Amino acid sequence: MHADLDTLCIALYVSVDDLLGPRIGPGRRPRLSDAELVCLAVAQVLLGFGSERRWVRFAHQRLGHLFPYLPTASAYNRRLRRAGPLVALALQDLAAHTPSWHDQLRLVDSTPVPCAASRETVRRSALAGVAGYGYCKSHHRFFWGFRLYVLAGPDGLPTAWCLASPKLGEREVVAALLDHERARLRPGLCILADKGFAGQAFEQLVAAHGAVLLRPDRADEPRRHGSLGRWRQWIESTFDTLKDQLGLERHGGRTLGGVVVRVGQRLLALAAAIWWNWEISAPDKRSLVAYDH
């Protein structure tokens, strides 16, 4: 087994096709199966194509030997916009079949997902009333869009995620995320967060799920865990991979469904690369170099 895009697509297709099974329902079976659509979506992100039109043209040349049929750009765009549940299901399945899933450490943090850069775009956007203005302390900038919350393993594997308005508090959103994932949280899990998650009520909420909250000490409290800088860097580097290599902030979504599926598309691409790097015993589990050409 090799670390290349063709092998990754084949392995991912087998995994997703087994997960979804045969198509059930009325109507003619689509020429591009759901499993093939998921593989195309992952390959698009790994190869850095933000435009569906440019991607479909290039896919005929680069991946035509793997797919008996490739749709037109408009058909692919329509299928992709409806593929949010498929992407989420594939991401959950890959996470559960990756060795780091059994690790007792989880990292949680959030990062901005901008959706507009001008006041006129904000006013006319289909996301008006759902997205909002927020402030990113890391980059000292305001943005309009969503915040992406990710619960990840130490290797950067996304195990749970959600998009939320920047106007909502971090503890409020993460509490809802943990409650949604309570059936998949194991007793004794350590959840590593930043200083923004300080508070006795939030620690008690995490403890109610059988987990333990770890966070850097604040300046106005007794020493408990120190700065935890080395371990906090793991989630920061994961977000850096999502932004710089997978184009998180260049998602191109213009509707709520479009933003959700394009963010999920990038998380799935990251999860697929980590999963396959574990399968082939690659030394760097989050390396995407072998799959971006």
# chains A, B, ... in the order shown; residues from 1 in each chain; ligands from 1

$ select_by_dssp --residues "region 131-201 of chain A" --states "alpha helix (DSSP H)" --output "number ranges by chain"
A: 170-180, 200-201

$ write_last_selection --atoms "C-alpha atoms" --output "compact mmCIF listing (two decimals), in the first residue's frame"
# COMPACT_ATOMS: atom_id res chain seq x y z
CA GLU A 170 -17.81 29.08 23.43
CA ARG A 171 -18.83 27.19 26.54
CA GLU A 172 -22.47 27.20 25.46
CA VAL A 173 -21.66 25.73 22.04
CA VAL A 174 -19.19 23.12 23.29
CA ALA A 175 -21.67 22.06 25.99
CA ALA A 176 -24.28 21.43 23.26
CA LEU A 177 -21.68 19.59 21.14
CA LEU A 178 -20.71 17.30 24.02
CA ASP A 179 -24.35 16.64 24.80
CA HIS A 180 -24.96 15.67 21.17
CA GLN A 200 -16.82 25.60 37.62
CA ALA A 201 -20.19 25.12 35.93

$ atom_distance --atom1 "CA of Gln92 (chain A)" --atom2 "CA of Arg147 (chain A)"
20.3 Å

$ atom_distance --atom1 "CA of Ala73 (chain A)" --atom2 "CA of Arg254 (chain A)"
16.8 Å

$ closest_atom_pairs --of "region 200-278 of chain A" --to "region 32-56 of chain A" --cutoff "12 Å" --atoms "only C-alpha atoms" --output "tab-separated table"
residue	atom	partner	partner_atom	distance
A:Thr241	CA	A:Leu46	CA	11.2
A:Leu242	CA	A:Val45	CA	10.1
A:Lys243	CA	A:Gly48	CA	11.3
A:Asp244	CA	A:Gly48	CA	10.1
A:Gln245	CA	A:Gly48	CA	7.6
A:Leu246	CA	A:Val45	CA	5.9
A:Gly247	CA	A:Gly48	CA	7.3
A:Leu248	CA	A:Val45	CA	9.5
A:Glu249	CA	A:Gly50	CA	10.7
A:Arg250	CA	A:Gly50	CA	7.2
A:His251	CA	A:Gly50	CA	6.8
A:Gly252	CA	A:Gly50	CA	7.1
A:Gly253	CA	A:Gly50	CA	10.1
A:Val261	CA	A:Ala41	CA	9.8
A:Arg262	CA	A:Ala41	CA	9.0
A:Val263	CA	A:Val45	CA	10.3
A:Gly264	CA	A:Val42	CA	9.9
A:Gln265	CA	A:Val42	CA	6.4
A:Arg266	CA	A:Val45	CA	6.2
A:Leu267	CA	A:Val42	CA	9.2
A:Leu268	CA	A:Val42	CA	6.8
A:Ala269	CA	A:Val42	CA	4.9
A:Leu270	CA	A:Leu46	CA	8.4
A:Ala271	CA	A:Val42	CA	9.8
A:Ala272	CA	A:Val42	CA	8.0
A:Ala273	CA	A:Leu46	CA	9.0

$ closest_residue --among "A:Trp161, A:Tyr291, A:Phe197, A:Tyr133" --to "Ala95 (chain A)" --atoms "only C-alpha atoms"
A:Trp161

$ residues_around --residues "region 135-139 of chain A" --least-positions-apart "2" --cutoff "9 Å" --atoms "only C-alpha atoms" --output "list of chain:residue names"
A:Thr111, A:Pro112, A:Tyr133, A:Arg141, A:Phe142, A:Phe143, A:Trp144, A:Pro166

$ write_last_selection --atoms "N, CA and C atoms" --output "CSV table (one decimal), in the first residue's frame"
chain,number,residue,atom,x,y,z
A,111,THR,N,-12.4,28.1,15.5
A,111,THR,CA,-11.7,29.0,14.6
A,111,THR,C,-12.8,29.7,13.7
A,112,PRO,N,-12.5,30.9,13.2
A,112,PRO,CA,-13.4,31.6,12.4
A,112,PRO,C,-13.6,30.9,11.0
A,133,TYR,N,-21.4,38.7,13.1
A,133,TYR,CA,-20.0,39.3,13.3
A,133,TYR,C,-19.4,38.7,14.6
A,141,ARG,N,-8.7,40.4,14.5
A,141,ARG,CA,-9.6,40.9,13.4
A,141,ARG,C,-11.0,40.5,13.6
A,142,PHE,N,-11.9,41.3,13.0
A,142,PHE,CA,-13.3,41.0,13.0
A,142,PHE,C,-13.6,40.3,11.7
A,143,PHE,N,-14.7,39.5,11.8
A,143,PHE,CA,-15.1,38.7,10.6
A,143,PHE,C,-16.6,38.5,10.7
A,144,TRP,N,-17.2,38.2,9.5
A,144,TRP,CA,-18.6,37.9,9.4
A,144,TRP,C,-18.8,36.5,8.9
A,166,PRO,N,-20.9,33.4,15.8
A,166,PRO,CA,-19.9,33.9,16.7
A,166,PRO,C,-20.5,34.6,17.9

$ closest_residue --among "A:Ala282, A:Leu168, A:Ile274, A:Leu8" --to "Pro99 (chain A)" --atoms "only C-alpha atoms"
A:Ile274

$ closest_residue --among "A:Ala3, A:Val260, A:Ala131, A:Leu86" --to "Pro114 (chain A)" --atoms "only C-alpha atoms"
A:Ala131

$ atom_distance --atom1 "CA of Asp194 (chain A)" --atom2 "CA of Asp284 (chain A)"
25.0 Å

$ closest_residue --among "A:Leu256, A:Ile24, A:Ala164, A:Val14" --to "Arg81 (chain A)" --atoms "only C-alpha atoms"
A:Leu256

$ select_by_dssp --residues "region 92-189 of chain A" --states "strand (DSSP E or B)" --output "number ranges by chain"
A: 105-116, 132-136, 141-152, 158-164

$ write_last_selection --atoms "C-alpha atoms" --output "PDB file, in the first residue's frame"
ATOM      1  CA  LEU A 105      -7.334  12.596  24.948  1.00  0.00           C
ATOM      2  CA  ARG A 106      -9.536  14.970  22.946  1.00  0.00           C
ATOM      3  CA  LEU A 107      -8.709  18.525  21.885  1.00  0.00           C
ATOM      4  CA  VAL A 108     -11.440  21.128  21.546  1.00  0.00           C
ATOM      5  CA  ASP A 109     -11.229  24.630  20.099  1.00  0.00           C
ATOM      6  CA  SER A 110     -12.862  26.936  17.576  1.00  0.00           C
ATOM      7  CA  THR A 111     -11.742  28.970  14.583  1.00  0.00           C
ATOM      8  CA  PRO A 112     -13.440  31.598  12.379  1.00  0.00           C
ATOM      9  CA  VAL A 113     -15.093  30.613   9.090  1.00  0.00           C
ATOM     10  CA  PRO A 114     -15.575  33.944   7.238  1.00  0.00           C
ATOM     11  CA  CYS A 115     -18.390  34.078   4.685  1.00  0.00           C
ATOM     12  CA  ALA A 116     -18.273  37.693   3.451  1.00  0.00           C
ATOM     13  CA  GLY A 132     -22.951  37.018  12.460  1.00  0.00           C
ATOM     14  CA  TYR A 133     -20.042  39.256  13.328  1.00  0.00           C
ATOM     15  CA  GLY A 134     -17.311  37.969  15.605  1.00  0.00           C
ATOM     16  CA  TYR A 135     -13.782  38.774  16.728  1.00  0.00           C
ATOM     17  CA  CYS A 136     -10.769  36.501  16.329  1.00  0.00           C
ATOM     18  CA  ARG A 141      -9.553  40.874  13.385  1.00  0.00           C
ATOM     19  CA  PHE A 142     -13.306  41.033  13.027  1.00  0.00           C
ATOM     20  CA  PHE A 143     -15.102  38.691  10.623  1.00  0.00           C
ATOM     21  CA  TRP A 144     -18.622  37.881   9.445  1.00  0.00           C
ATOM     22  CA  GLY A 145     -19.627  34.244   9.237  1.00  0.00           C
ATOM     23  CA  PHE A 146     -19.484  31.323  11.647  1.00  0.00           C
ATOM     24  CA  ARG A 147     -17.165  29.735  14.157  1.00  0.00           C
ATOM     25  CA  LEU A 148     -16.125  26.141  13.541  1.00  0.00           C
ATOM     26  CA  TYR A 149     -15.901  24.037  16.717  1.00  0.00           C
ATOM     27  CA  VAL A 150     -13.883  20.820  16.449  1.00  0.00           C
ATOM     28  CA  LEU A 151     -13.388  17.963  18.887  1.00  0.00           C
ATOM     29  CA  ALA A 152     -10.245  16.184  17.671  1.00  0.00           C
ATOM     30  CA  PRO A 158     -11.869  15.354  13.723  1.00  0.00           C
ATOM     31  CA  THR A 159     -14.244  13.232  15.819  1.00  0.00           C
ATOM     32  CA  ALA A 160     -17.062  15.806  16.167  1.00  0.00           C
ATOM     33  CA  TRP A 161     -17.718  19.298  14.846  1.00  0.00           C
ATOM     34  CA  CYS A 162     -20.330  21.989  14.424  1.00  0.00           C
ATOM     35  CA  LEU A 163     -20.791  25.497  13.056  1.00  0.00           C
ATOM     36  CA  ALA A 164     -22.240  28.209  15.296  1.00  0.00           C
TER      37      ALA A 164
END

$ closest_residue --among "A:Gly199, A:Pro187, A:Gly156, A:Pro283" --to "Ile235 (chain A)" --atoms "only C-alpha atoms"
A:Gly156

$ residues_around --residues "Asp103 (chain A)" --least-positions-apart "3" --cutoff "10 Å" --atoms "only C-alpha atoms" --output "tab-separated table (two decimals) with N, CA and C atoms, in the first residue's frame"
chain	number	residue	atom	x	y	z
A	99	PRO	N	-7.09	4.33	14.60
A	99	PRO	CA	-6.57	3.98	15.94
A	99	PRO	C	-6.64	5.10	16.96
A	100	SER	N	-6.47	6.35	16.55
A	100	SER	CA	-6.49	7.45	17.52
A	100	SER	C	-7.88	7.67	18.12
A	106	ARG	N	-8.86	14.23	24.01
A	106	ARG	CA	-9.54	14.97	22.95
A	106	ARG	C	-9.18	16.45	23.08
A	153	GLY	N	-8.80	14.27	17.93
A	153	GLY	CA	-7.82	13.43	18.61
A	153	GLY	C	-6.46	14.10	18.61
A	154	PRO	N	-5.48	13.53	19.30
A	154	PRO	CA	-4.14	14.13	19.37
A	154	PRO	C	-3.46	14.25	18.00
A	155	ASP	N	-3.84	13.38	17.05
A	155	ASP	CA	-3.24	13.44	15.71
A	155	ASP	C	-3.98	14.41	14.79
A	186	ARG	N	-16.32	8.27	25.88
A	186	ARG	CA	-15.99	7.18	26.79
A	186	ARG	C	-15.68	7.72	28.18
A	189	LEU	N	-12.41	10.14	29.63
A	189	LEU	CA	-11.84	10.94	28.54
A	189	LEU	C	-11.33	12.27	29.08
A	190	CYS	N	-10.15	12.69	28.61
A	190	CYS	CA	-9.60	13.99	28.98
A	190	CYS	C	-9.82	14.96	27.82

$ closest_residue --among "A:Arg123, A:Arg57, A:Arg28, A:His293" --to "Ser74 (chain A)" --atoms "only C-alpha atoms"
A:Arg57
